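What's in run.cif: mmCIF, C-alpha atoms
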data_work
loop_
_atom_site.group_PDB
_atom_site.id
_atom_site.type_symbol
_atom_site.label_atom_id
_atom_site.label_comp_id
_atom_site.auth_asym_id
_atom_site.auth_seq_id
_atom_site.Cartn_x
_atom_site.Cartn_y
_atom_site.Cartn_z
ATOM 1 C CA PRO Q 17 -1.557 92.322 11.904
ATOM 2 C CA PRO Q 18 -0.232 88.736 11.361
ATOM 3 C CA ASP Q 19 2.599 88.381 8.956
ATOM 4 C CA LYS Q 20 1.537 86.777 5.665
ATOM 5 C CA HIS Q 21 4.796 84.883 5.581
ATOM 6 C CA ASP Q 22 4.011 83.326 8.982
ATOM 7 C CA GLU Q 23 0.518 82.376 7.769
ATOM 8 C CA HIS Q 24 2.015 80.734 4.710
ATOM 9 C CA GLU Q 25 4.482 78.762 6.841
ATOM 10 C CA HIS Q 26 1.645 77.720 9.167
ATOM 11 C CA GLU Q 27 -0.360 76.430 6.185
ATOM 12 C CA ASN Q 28 2.714 74.529 4.947
ATOM 13 C CA ASP Q 29 3.179 72.959 8.380
ATOM 14 C CA GLU Q 30 -0.445 71.791 8.401
ATOM 15 C CA GLN Q 31 -0.076 70.354 4.907
ATOM 16 C CA ASP Q 32 3.137 68.584 5.928
ATOM 17 C CA ALA Q 33 1.445 67.160 9.026
ATOM 18 C CA LEU Q 34 -1.518 65.978 6.924
ATOM 19 C CA LEU Q 35 0.826 64.418 4.384
ATOM 20 C CA GLN Q 36 2.733 62.634 7.166
ATOM 21 C CA ARG Q 37 -0.535 61.289 8.545
ATOM 22 C CA HIS Q 38 -1.475 60.008 5.084
ATOM 23 C CA HIS Q 39 1.956 58.365 4.748
ATOM 24 C CA LEU Q 40 1.571 56.810 8.192
ATOM 25 C CA ILE Q 41 -1.890 55.454 7.386
ATOM 26 C CA ALA Q 42 -0.620 54.092 4.074
ATOM 27 C CA TRP Q 43 2.362 52.500 5.808
ATOM 28 C CA ILE Q 44 0.065 50.892 8.425
ATOM 29 C CA PHE Q 45 -2.228 49.482 5.729
ATOM 30 C CA ARG Q 46 0.744 48.269 3.695
ATOM 31 C CA ARG Q 47 2.239 46.615 6.791
ATOM 32 C CA ARG Q 48 -1.050 44.939 7.637
ATOM 33 C CA TRP Q 49 -1.418 43.795 4.034
ATOM 34 C CA ASP Q 50 2.106 42.354 4.090
ATOM 35 C CA ASP Q 51 1.332 40.608 7.398
ATOM 36 C CA THR Q 52 -1.875 39.198 5.928
ATOM 37 C CA LEU Q 53 -0.024 37.934 2.843
ATOM 38 C CA PHE Q 54 2.654 36.395 5.060
ATOM 39 C CA VAL Q 55 0.049 34.585 7.176
ATOM 40 C CA ALA Q 56 -1.790 33.386 4.056
ATOM 41 C CA ARG Q 57 1.412 32.153 2.429
ATOM 42 C CA LYS Q 58 2.494 30.435 5.637
ATOM 43 C CA ALA Q 59 -0.908 28.760 5.986
ATOM 44 C CA ARG Q 60 -0.713 27.598 2.377
ATOM 45 C CA TYR Q 61 2.842 26.336 2.934
ATOM 46 C CA ASP Q 62 1.755 24.474 6.080
ATOM 47 C CA LEU Q 63 -1.208 22.994 4.207
ATOM 48 C CA ASP Q 64 1.006 21.899 1.301
ATOM 49 C CA MET Q 65 3.492 20.392 3.738
ATOM 50 C CA GLY Q 66 0.677 18.569 5.501
ATOM 51 C CA PHE Q 67 -0.548 17.094 2.221
ATOM 52 C CA ALA Q 68 3.019 16.166 1.282
ATOM 53 C CA VAL Q 69 3.533 14.366 4.600
ATOM 54 C CA ILE Q 70 0.227 12.495 4.180
ATOM 55 C CA ILE Q 71 1.115 11.468 0.610
ATOM 56 C CA VAL Q 72 4.591 10.277 1.626
ATOM 57 C CA ALA Q 73 3.122 8.344 4.569
ATOM 58 C CA LEU Q 74 0.570 6.666 2.279
ATOM 59 C CA LEU Q 75 3.248 5.761 -0.256
ATOM 60 C CA VAL Q 76 5.404 4.243 2.488
ATOM 61 C CA LEU Q 77 2.403 2.358 3.875
ATOM 62 C CA ILE Q 78 1.387 0.994 0.473
ATOM 63 C CA PHE Q 79 4.740 0.271 -1.148
ATOM 64 C CA GLY Q 80 6.870 -0.239 1.981
ATOM 65 C CA PRO Q 81 5.790 -3.827 2.769
ATOM 66 C CA GLY Q 82 6.359 -4.950 -0.820
ATOM 67 C CA LEU Q 83 9.819 -3.380 -0.977
ATOM 68 C CA TRP Q 84 10.758 -4.909 2.384
ATOM 69 C CA VAL Q 85 9.537 -8.357 1.286
ATOM 70 C CA ARG Q 86 11.569 -8.157 -1.939
ATOM 71 C CA ARG Q 87 14.666 -7.068 -0.045
ATOM 72 C CA VAL Q 88 14.415 -9.878 2.521
ATOM 73 C CA ILE Q 89 13.859 -12.564 -0.129
ATOM 74 C CA GLU Q 90 16.780 -11.326 -2.223
ATOM 75 C CA ARG Q 91 19.054 -11.042 0.806
ATOM 76 C CA TYR Q 92 18.615 -14.678 1.851
ATOM 77 C CA SER Q 93 18.777 -16.030 -1.693
ATOM 78 C CA SER Q 94 22.545 -15.907 -1.263
ATOM 79 C CA PRO Q 95 24.557 -18.073 -0.948
ATOM 80 C CA PRO Q 96 22.630 -20.154 -3.501
ATOM 81 C CA ASP Q 97 24.027 -23.474 -2.180
ATOM 82 C CA ARG Q 98 23.339 -22.943 1.523
ATOM 83 C CA TYR Q 99 21.580 -26.309 1.860
ATOM 84 C CA ALA Q 100 22.180 -29.746 0.384
ATOM 85 C CA GLY Q 101 18.644 -30.191 -0.973
ATOM 86 C CA THR Q 102 16.531 -27.988 -3.214
ATOM 87 C CA GLY Q 103 13.245 -26.319 -2.302
ATOM 88 C CA ALA Q 104 11.368 -28.923 -4.350
ATOM 89 C CA GLN Q 105 13.158 -31.795 -2.610
ATOM 90 C CA LEU Q 106 12.371 -30.353 0.815
ATOM 91 C CA ALA Q 107 8.713 -29.864 -0.065
ATOM 92 C CA ARG Q 108 8.486 -33.454 -1.297
ATOM 93 C CA TYR Q 109 10.258 -34.746 1.825
ATOM 94 C CA LEU Q 110 7.970 -32.840 4.212
ATOM 95 C CA LEU Q 111 4.805 -33.861 2.375
ATOM 96 C CA ASP Q 112 5.818 -37.519 2.391
ATOM 97 C CA LYS Q 113 6.640 -37.315 6.109
ATOM 98 C CA LEU Q 114 3.128 -36.009 6.721
ATOM 99 C CA GLY Q 115 1.534 -38.777 4.647
ATOM 100 C CA MET Q 116 0.517 -36.381 1.870
ATOM 101 C CA GLN Q 117 1.911 -38.270 -1.113
ATOM 102 C CA HIS Q 118 -1.124 -37.175 -3.151
ATOM 103 C CA VAL Q 119 0.076 -33.540 -3.130
ATOM 104 C CA ALA Q 120 2.289 -32.769 -6.122
ATOM 105 C CA VAL Q 121 5.321 -30.473 -6.176
ATOM 106 C CA GLU Q 122 5.541 -28.521 -9.411
ATOM 107 C CA THR Q 123 7.402 -25.615 -10.948
ATOM 108 C CA THR Q 124 5.555 -22.488 -12.113
ATOM 109 C CA ASP Q 125 6.146 -18.977 -13.400
ATOM 110 C CA GLN Q 126 2.997 -17.642 -11.684
ATOM 111 C CA GLY Q 127 4.544 -17.076 -8.262
ATOM 112 C CA ASP Q 128 4.991 -19.466 -5.327
ATOM 113 C CA HIS Q 129 1.619 -20.823 -4.174
ATOM 114 C CA TYR Q 130 -0.406 -23.835 -3.174
ATOM 115 C CA ASP Q 131 -3.316 -24.811 -5.414
ATOM 116 C CA PRO Q 132 -6.093 -26.442 -3.332
ATOM 117 C CA ALA Q 133 -8.018 -27.548 -6.424
ATOM 118 C CA ALA Q 134 -5.066 -29.314 -8.062
ATOM 119 C CA LYS Q 135 -3.526 -30.367 -4.695
ATOM 120 C CA ALA Q 136 -0.141 -29.029 -5.769
ATOM 121 C CA VAL Q 137 2.661 -27.019 -4.169
ATOM 122 C CA ARG Q 138 4.024 -24.790 -6.918
ATOM 123 C CA LEU Q 139 7.380 -23.045 -6.726
ATOM 124 C CA THR Q 140 9.090 -20.638 -9.090
ATOM 125 C CA PRO Q 141 12.270 -22.044 -10.708
ATOM 126 C CA ASP Q 142 14.604 -20.217 -8.305
ATOM 127 C CA LYS Q 143 12.836 -21.839 -5.325
ATOM 128 C CA TYR Q 144 12.155 -25.176 -7.036
ATOM 129 C CA GLU Q 145 15.794 -25.734 -8.000
ATOM 130 C CA GLY Q 146 17.399 -23.402 -5.454
ATOM 131 C CA ARG Q 147 19.297 -24.457 -2.319
ATOM 132 C CA SER Q 148 19.297 -21.091 -0.573
ATOM 133 C CA LEU Q 149 17.648 -20.284 2.749
ATOM 134 C CA THR Q 150 14.941 -18.454 0.816
ATOM 135 C CA ALA Q 151 14.180 -21.517 -1.338
ATOM 136 C CA ILE Q 152 13.992 -23.826 1.704
ATOM 137 C CA THR Q 153 11.836 -21.485 3.782
ATOM 138 C CA VAL Q 154 9.377 -20.570 1.010
ATOM 139 C CA ALA Q 155 8.957 -24.260 0.149
ATOM 140 C CA ALA Q 156 8.096 -24.992 3.801
ATOM 141 C CA HIS Q 157 5.619 -22.087 3.787
ATOM 142 C CA GLU Q 158 3.752 -23.520 0.794
ATOM 143 C CA VAL Q 159 3.729 -26.963 2.431
ATOM 144 C CA GLY Q 160 2.090 -25.152 5.373
ATOM 145 C CA HIS Q 161 -0.803 -24.267 3.047
ATOM 146 C CA ALA Q 162 -1.078 -27.909 1.978
ATOM 147 C CA ILE Q 163 -1.374 -28.869 5.664
ATOM 148 C CA GLN Q 164 -4.131 -26.258 6.096
ATOM 149 C CA ASP Q 165 -6.000 -27.784 3.169
ATOM 150 C CA GLN Q 166 -5.553 -31.284 4.577
ATOM 151 C CA GLU Q 167 -6.971 -30.184 7.945
ATOM 152 C CA GLY Q 168 -9.840 -28.169 6.455
ATOM 153 C CA TYR Q 169 -8.548 -24.875 7.844
ATOM 154 C CA GLY Q 170 -11.483 -22.430 7.747
ATOM 155 C CA PRO Q 171 -9.772 -19.237 6.498
ATOM 156 C CA LEU Q 172 -8.136 -21.144 3.632
ATOM 157 C CA ARG Q 173 -11.491 -22.593 2.574
ATOM 158 C CA LEU Q 174 -13.017 -19.109 2.752
ATOM 159 C CA ARG Q 175 -10.185 -17.665 0.668
ATOM 160 C CA THR Q 176 -10.520 -20.448 -1.930
ATOM 161 C CA TYR Q 177 -14.251 -19.753 -2.223
ATOM 162 C CA LEU Q 178 -13.732 -15.991 -2.495
ATOM 163 C CA VAL Q 179 -11.084 -16.391 -5.203
ATOM 164 C CA ARG Q 180 -13.416 -18.613 -7.214
ATOM 165 C CA VAL Q 181 -16.259 -16.089 -6.898
ATOM 166 C CA ALA Q 182 -14.173 -12.924 -7.240
ATOM 167 C CA ARG Q 183 -12.657 -13.637 -10.661
ATOM 168 C CA PRO Q 184 -15.900 -13.519 -12.696
ATOM 169 C CA VAL Q 185 -17.248 -10.698 -10.517
ATOM 170 C CA GLU Q 186 -14.143 -8.581 -11.193
ATOM 171 C CA ARG Q 187 -14.470 -9.192 -14.941
ATOM 172 C CA ILE Q 188 -18.105 -8.068 -14.847
ATOM 173 C CA GLY Q 189 -17.158 -5.048 -12.759
ATOM 174 C CA ALA Q 190 -14.374 -4.018 -15.116
ATOM 175 C CA GLY Q 191 -16.787 -4.279 -18.053
ATOM 176 C CA ALA Q 192 -19.401 -2.204 -16.206
ATOM 177 C CA LEU Q 193 -16.852 0.514 -15.466
ATOM 178 C CA MET Q 194 -15.824 0.718 -19.115
ATOM 179 C CA VAL Q 195 -19.320 0.836 -20.641
ATOM 180 C CA ALA Q 196 -20.982 3.001 -17.965
ATOM 181 C CA PRO Q 197 -20.148 6.372 -19.630
ATOM 182 C CA PHE Q 198 -21.376 5.139 -23.045
ATOM 183 C CA VAL Q 199 -24.614 3.733 -21.607
ATOM 184 C CA GLY Q 200 -25.290 7.024 -19.849
ATOM 185 C CA ALA Q 201 -24.627 8.974 -23.063
ATOM 186 C CA LEU Q 202 -26.675 6.693 -25.361
ATOM 187 C CA THR Q 203 -29.713 6.392 -23.073
ATOM 188 C CA ARG Q 204 -29.460 10.053 -22.023
ATOM 189 C CA VAL Q 205 -30.357 8.864 -18.534
ATOM 190 C CA PRO Q 206 -27.344 9.741 -16.384
ATOM 191 C CA SER Q 207 -28.671 7.730 -13.437
ATOM 192 C CA ILE Q 208 -28.266 4.469 -15.399
ATOM 193 C CA GLY Q 209 -24.617 5.227 -16.119
ATOM 194 C CA ILE Q 210 -24.046 6.183 -12.478
ATOM 195 C CA ILE Q 211 -25.670 2.963 -11.234
ATOM 196 C CA MET Q 212 -23.508 0.873 -13.568
ATOM 197 C CA PHE Q 213 -20.428 2.808 -12.498
ATOM 198 C CA LEU Q 214 -21.262 2.200 -8.831
ATOM 199 C CA ALA Q 215 -21.802 -1.502 -9.499
ATOM 200 C CA GLY Q 216 -18.414 -1.719 -11.188
ATOM 201 C CA PHE Q 217 -16.810 0.235 -8.365
ATOM 202 C CA LEU Q 218 -18.233 -2.087 -5.704
ATOM 203 C CA THR Q 219 -16.883 -5.163 -7.477
ATOM 204 C CA LEU Q 220 -13.372 -3.780 -7.029
ATOM 205 C CA ALA Q 221 -13.809 -4.360 -3.306
ATOM 206 C CA THR Q 222 -13.890 -8.121 -3.891
ATOM 207 C CA SER Q 223 -10.122 -8.272 -4.470
ATOM 208 C CA THR Q 224 -9.530 -6.374 -1.221
ATOM 209 C CA LEU Q 225 -11.829 -8.813 0.574
ATOM 210 C CA VAL Q 226 -9.846 -11.752 -0.839
ATOM 211 C CA HIS Q 227 -6.533 -10.252 0.296
ATOM 212 C CA MET Q 228 -7.884 -9.546 3.778
ATOM 213 C CA ALA Q 229 -9.116 -13.134 4.077
ATOM 214 C CA THR Q 230 -5.692 -14.288 2.881
ATOM 215 C CA MET Q 231 -3.657 -12.531 5.584
ATOM 216 C CA PRO Q 232 -4.580 -14.796 8.553
ATOM 217 C CA THR Q 233 -4.082 -17.800 6.274
ATOM 218 C CA GLU Q 234 -0.552 -16.635 5.424
ATOM 219 C CA PHE Q 235 0.509 -15.964 9.005
ATOM 220 C CA ASP Q 236 -0.869 -19.331 10.117
ATOM 221 C CA ALA Q 237 1.016 -21.110 7.312
ATOM 222 C CA SER Q 238 4.232 -19.357 8.312
ATOM 223 C CA PHE Q 239 4.250 -19.568 12.095
ATOM 224 C CA ASN Q 240 1.824 -22.346 13.044
ATOM 225 C CA ARG Q 241 2.798 -24.767 10.251
ATOM 226 C CA ALA Q 242 6.085 -24.088 8.463
ATOM 227 C CA LEU Q 243 8.313 -22.931 11.329
ATOM 228 C CA PRO Q 244 7.334 -25.749 13.755
ATOM 229 C CA LEU Q 245 7.758 -28.239 10.888
ATOM 230 C CA LEU Q 246 11.247 -26.951 10.088
ATOM 231 C CA ASP Q 247 12.141 -27.190 13.792
ATOM 232 C CA GLU Q 248 10.684 -30.674 14.162
ATOM 233 C CA GLN Q 249 12.552 -32.028 11.138
ATOM 234 C CA ARG Q 250 15.730 -30.129 12.081
ATOM 235 C CA VAL Q 251 16.028 -28.722 8.609
ATOM 236 C CA LEU Q 252 17.513 -25.333 9.456
ATOM 237 C CA LYS Q 253 21.024 -24.553 10.531
ATOM 238 C CA LYS Q 254 20.882 -23.113 14.039
ATOM 239 C CA VAL Q 255 22.144 -19.679 12.972
ATOM 240 C CA ASP Q 256 19.537 -19.528 10.193
ATOM 241 C CA ARG Q 257 16.430 -19.822 12.383
ATOM 242 C CA PRO Q 258 15.973 -16.079 13.096
ATOM 243 C CA HIS Q 259 16.574 -15.359 9.400
ATOM 244 C CA ALA Q 260 14.020 -18.007 8.438
ATOM 245 C CA ARG Q 261 11.546 -16.307 10.758
ATOM 246 C CA ARG Q 262 12.091 -13.038 8.903
ATOM 247 C CA LEU Q 263 11.558 -14.820 5.605
ATOM 248 C CA LEU Q 264 8.320 -16.366 6.855
ATOM 249 C CA THR Q 265 7.165 -12.922 7.961
ATOM 250 C CA ALA Q 266 7.987 -11.627 4.485
ATOM 251 C CA ALA Q 267 6.043 -14.486 2.893
ATOM 252 C CA ALA Q 268 3.011 -13.618 5.032
ATOM 253 C CA LEU Q 269 3.285 -9.873 4.292
ATOM 254 C CA THR Q 270 3.225 -10.411 0.525
ATOM 255 C CA TYR Q 271 -0.563 -10.217 0.578
ATOM 256 C CA VAL Q 272 -0.581 -7.215 2.911
ATOM 257 C CA SER Q 273 1.072 -5.201 0.147
ATOM 258 C CA ALA Q 274 -1.410 -6.559 -2.408
ATOM 259 C CA SER Q 275 -4.317 -5.661 -0.103
ATOM 260 C CA LEU Q 276 -3.079 -2.089 0.291
ATOM 261 C CA MET Q 277 -2.697 -1.763 -3.477
ATOM 262 C CA SER Q 278 -6.306 -2.891 -3.865
ATOM 263 C CA LEU Q 279 -7.416 -0.213 -1.410
ATOM 264 C CA LEU Q 280 -5.445 2.376 -3.388
ATOM 265 C CA ASN Q 281 -7.225 1.269 -6.560
ATOM 266 C CA ILE Q 282 -10.600 1.661 -4.844
ATOM 267 C CA ALA Q 283 -9.629 5.140 -3.628
ATOM 268 C CA ARG Q 284 -8.597 6.108 -7.161
ATOM 269 C CA TRP Q 285 -11.927 5.044 -8.630
ATOM 270 C CA TRP Q 286 -13.785 6.750 -5.775
ATOM 271 C CA ALA Q 287 -12.010 10.015 -6.638
ATOM 272 C CA ILE Q 288 -13.086 9.599 -10.283
ATOM 273 C CA LEU Q 289 -16.654 8.827 -9.221
ATOM 274 C CA ARG Q 290 -16.903 11.983 -7.093
ATOM 275 C CA ARG Q 291 -16.023 14.126 -10.103
#
In structure tokens, write the structure found in this file.
Amino acid sequence: PPDKHDEHEHENDEQDALLQRHHLIAWIFRRRWDDTLFVARKARYDLDMGFAVIIVALLVLIFGPGLWVRRVIERYSSPPDRYAGTGAQLARYLLDKLGMQHVAVETTDQGDHYDPAAKAVRLTPDKYEGRSLTAITVAAHEVGHAIQDQEGYGPLRLRTYLVRVARPVERIGAGALMVAPFVGALTRVPSIGIIMFLAGFLTLATSTLVHMATMPTEFDASFNRALPLLDEQRVLKKVDRPHARRLLTAAALTYVSASLMSLLNIARWWAILRR
């Protein structure tokens, strides 16, 4: 007859083998679970990195042009006495040479610009009284806009019209955006509030449209008007010409940055609207 001790050992061996199988199965499941967690965490990390890269790229795209423009303008504002005449004197000289004595040259704290309605080139004090390369070049750029106005340049006329129309439209749109939630709550008709919100949202696009219409006007003023005029009148020192070209590019890109900021504002409101 079989030995009871041998039977007991055989039963123990079977139990040990079963326990080992259970441990193996548990280890396999645990390993697969760890692999699944690793893949999920890696996918989430990759997704977060992708979003981070997109956000950084958008920030560079939106704020980069403005920062570059500021850096270029500041760089060529020194030395402050690079030229004998001031920006205002150069603007007056160029306008008189072109037979545009009716265009005024004025100082302003609202940024360098040309006002087609008032027929005035307006320069900030640092450009108006300054003698730096920046002051001279920016003054020539604004005279370029006066030439566009004199010649009836189409994009400038379009921009002037859009600016005149956009200001009241933007005010109405801002008001609609603010009162839309209250109108929806008071009337208890959500569709009315949504319609008003959409109307306000669409008016925000007018500023982007103005900036987009401005860009060709700015590049034309820089490279088809100001730079040839500076060359023709031999205003620039020879070594300053490539730097003046960079400044004129910066002057033209000022509105690119503003246009991108407008698009960012529209995107922000669109995100709010979708909620």
### Message
I'd like the contact shell of Arg86 (chain Q) - 12 Å cut-off, all atoms listed in the file, skipping same-chain residues fewer than 6 positions apart - returned as a VMD selection string.
### Response
chain Q and resid 79 to 80 92 to 93 150 262 to 263 265 to 267 269 to 270 273
Selection result of the PyMOL selection byres ((chain Q and resi 94) around 12) on this file, as a short mmCIF file (atom, residue, chain, number, x, y, z; two decimals) with C-alpha atoms, in the frame of the given file:
data_model
loop_
_atom_site.label_atom_id
_atom_site.label_comp_id
_atom_site.auth_asym_id
_atom_site.auth_seq_id
_atom_site.Cartn_x
_atom_site.Cartn_y
_atom_site.Cartn_z
CA ARG Q 87 14.67 -7.07 -0.04
CA VAL Q 88 14.42 -9.88 2.52
CA ILE Q 89 13.86 -12.56 -0.13
CA GLU Q 90 16.78 -11.33 -2.22
CA ARG Q 91 19.05 -11.04 0.81
CA TYR Q 92 18.61 -14.68 1.85
CA SER Q 93 18.78 -16.03 -1.69
CA PRO Q 95 24.56 -18.07 -0.95
CA PRO Q 96 22.63 -20.15 -3.50
CA ASP Q 97 24.03 -23.47 -2.18
CA ARG Q 98 23.34 -22.94 1.52
CA TYR Q 99 21.58 -26.31 1.86
CA ASP Q 142 14.60 -20.22 -8.30
CA GLY Q 146 17.40 -23.40 -5.45
CA ARG Q 147 19.30 -24.46 -2.32
CA SER Q 148 19.30 -21.09 -0.57
CA LEU Q 149 17.65 -20.28 2.75
CA THR Q 150 14.94 -18.45 0.82
CA ALA Q 151 14.18 -21.52 -1.34
#
### Query
Near Arg257 (chain Q), within 12 Å and counting all atoms listed in the file, which residues show up once chain neighbours fewer than 3 positions away are dropped, as number ranges by chain?
Q: 92, 149-150, 152-153, 242-244, 246-247, 250-254, 260-264
Residues from last step as file, C-alpha atoms, as an mmCIF file, keeping the file's coordinate frame:
data_model
loop_
_atom_site.group_PDB
_atom_site.id
_atom_site.type_symbol
_atom_site.label_atom_id
_atom_site.label_comp_id
_atom_site.auth_asym_id
_atom_site.auth_seq_id
_atom_site.Cartn_x
_atom_site.Cartn_y
_atom_site.Cartn_z
ATOM 1 C CA TYR Q 92 18.615 -14.678 1.851
ATOM 2 C CA LEU Q 149 17.648 -20.284 2.749
ATOM 3 C CA THR Q 150 14.941 -18.454 0.816
ATOM 4 C CA ILE Q 152 13.992 -23.826 1.704
ATOM 5 C CA THR Q 153 11.836 -21.485 3.782
ATOM 6 C CA ALA Q 242 6.085 -24.088 8.463
ATOM 7 C CA LEU Q 243 8.313 -22.931 11.329
ATOM 8 C CA PRO Q 244 7.334 -25.749 13.755
ATOM 9 C CA LEU Q 246 11.247 -26.951 10.088
ATOM 10 C CA ASP Q 247 12.141 -27.190 13.792
ATOM 11 C CA ARG Q 250 15.730 -30.129 12.081
ATOM 12 C CA VAL Q 251 16.028 -28.722 8.609
ATOM 13 C CA LEU Q 252 17.513 -25.333 9.456
ATOM 14 C CA LYS Q 253 21.024 -24.553 10.531
ATOM 15 C CA LYS Q 254 20.882 -23.113 14.039
ATOM 16 C CA ALA Q 260 14.020 -18.007 8.438
ATOM 17 C CA ARG Q 261 11.546 -16.307 10.758
ATOM 18 C CA ARG Q 262 12.091 -13.038 8.903
ATOM 19 C CA LEU Q 263 11.558 -14.820 5.605
ATOM 20 C CA LEU Q 264 8.320 -16.366 6.855
#
### Query
If the PyMOL selection byres ((chain Q and resi 227-241) around 6) is run on the structure shown, which residues does it catch, given as a PyMOL selection string?
chain Q and resi 157+160-161+171-172+175+224-226+242-244+264+268+271+275
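What separates CA of Ser223 (chain Q) from CA of Val119 (chain Q) is a distance of 27.3 Å.
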### Task
Specify as a ChimeraX atom specification each residue included when the PyMOL selection byres ((chain Q and resi 120-130) around 10) is applied to this file.
/Q:103-108,111,116-119,131-145,154-155,157-162,165,267
### Query
What does the distance between CA of Thr102 (chain Q) and CA of Ala156 (chain Q) come to in Å, to one decimal place?
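Distance between the two atoms: 11.4 Å.
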### d(CA of Val181 (chain Q), CA of Gly168 (chain Q)) in Å
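Taking CA of Val181 (chain Q) and CA of Gly168 (chain Q), their separation equals 19.1 Å.
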Provide an axis-aligned box for all listed atoms of region 248-267 of chain Q, padding each side by 4 Å; report its centre and its edge lengths in Å to one decimal, as lines of an AutoDock Vina configuration file.
center_x = 14.1
center_y = -21.8
center_z = 8.5
size_x = 24.1
size_y = 28.4
size_z = 19.3
## Note on the structure
Of Q:Val69, Q:Val85, Q:Leu174, Q:Leu110, the one nearest to Glu248 (chain Q) when counting only C-alpha atoms is Q:Leu110
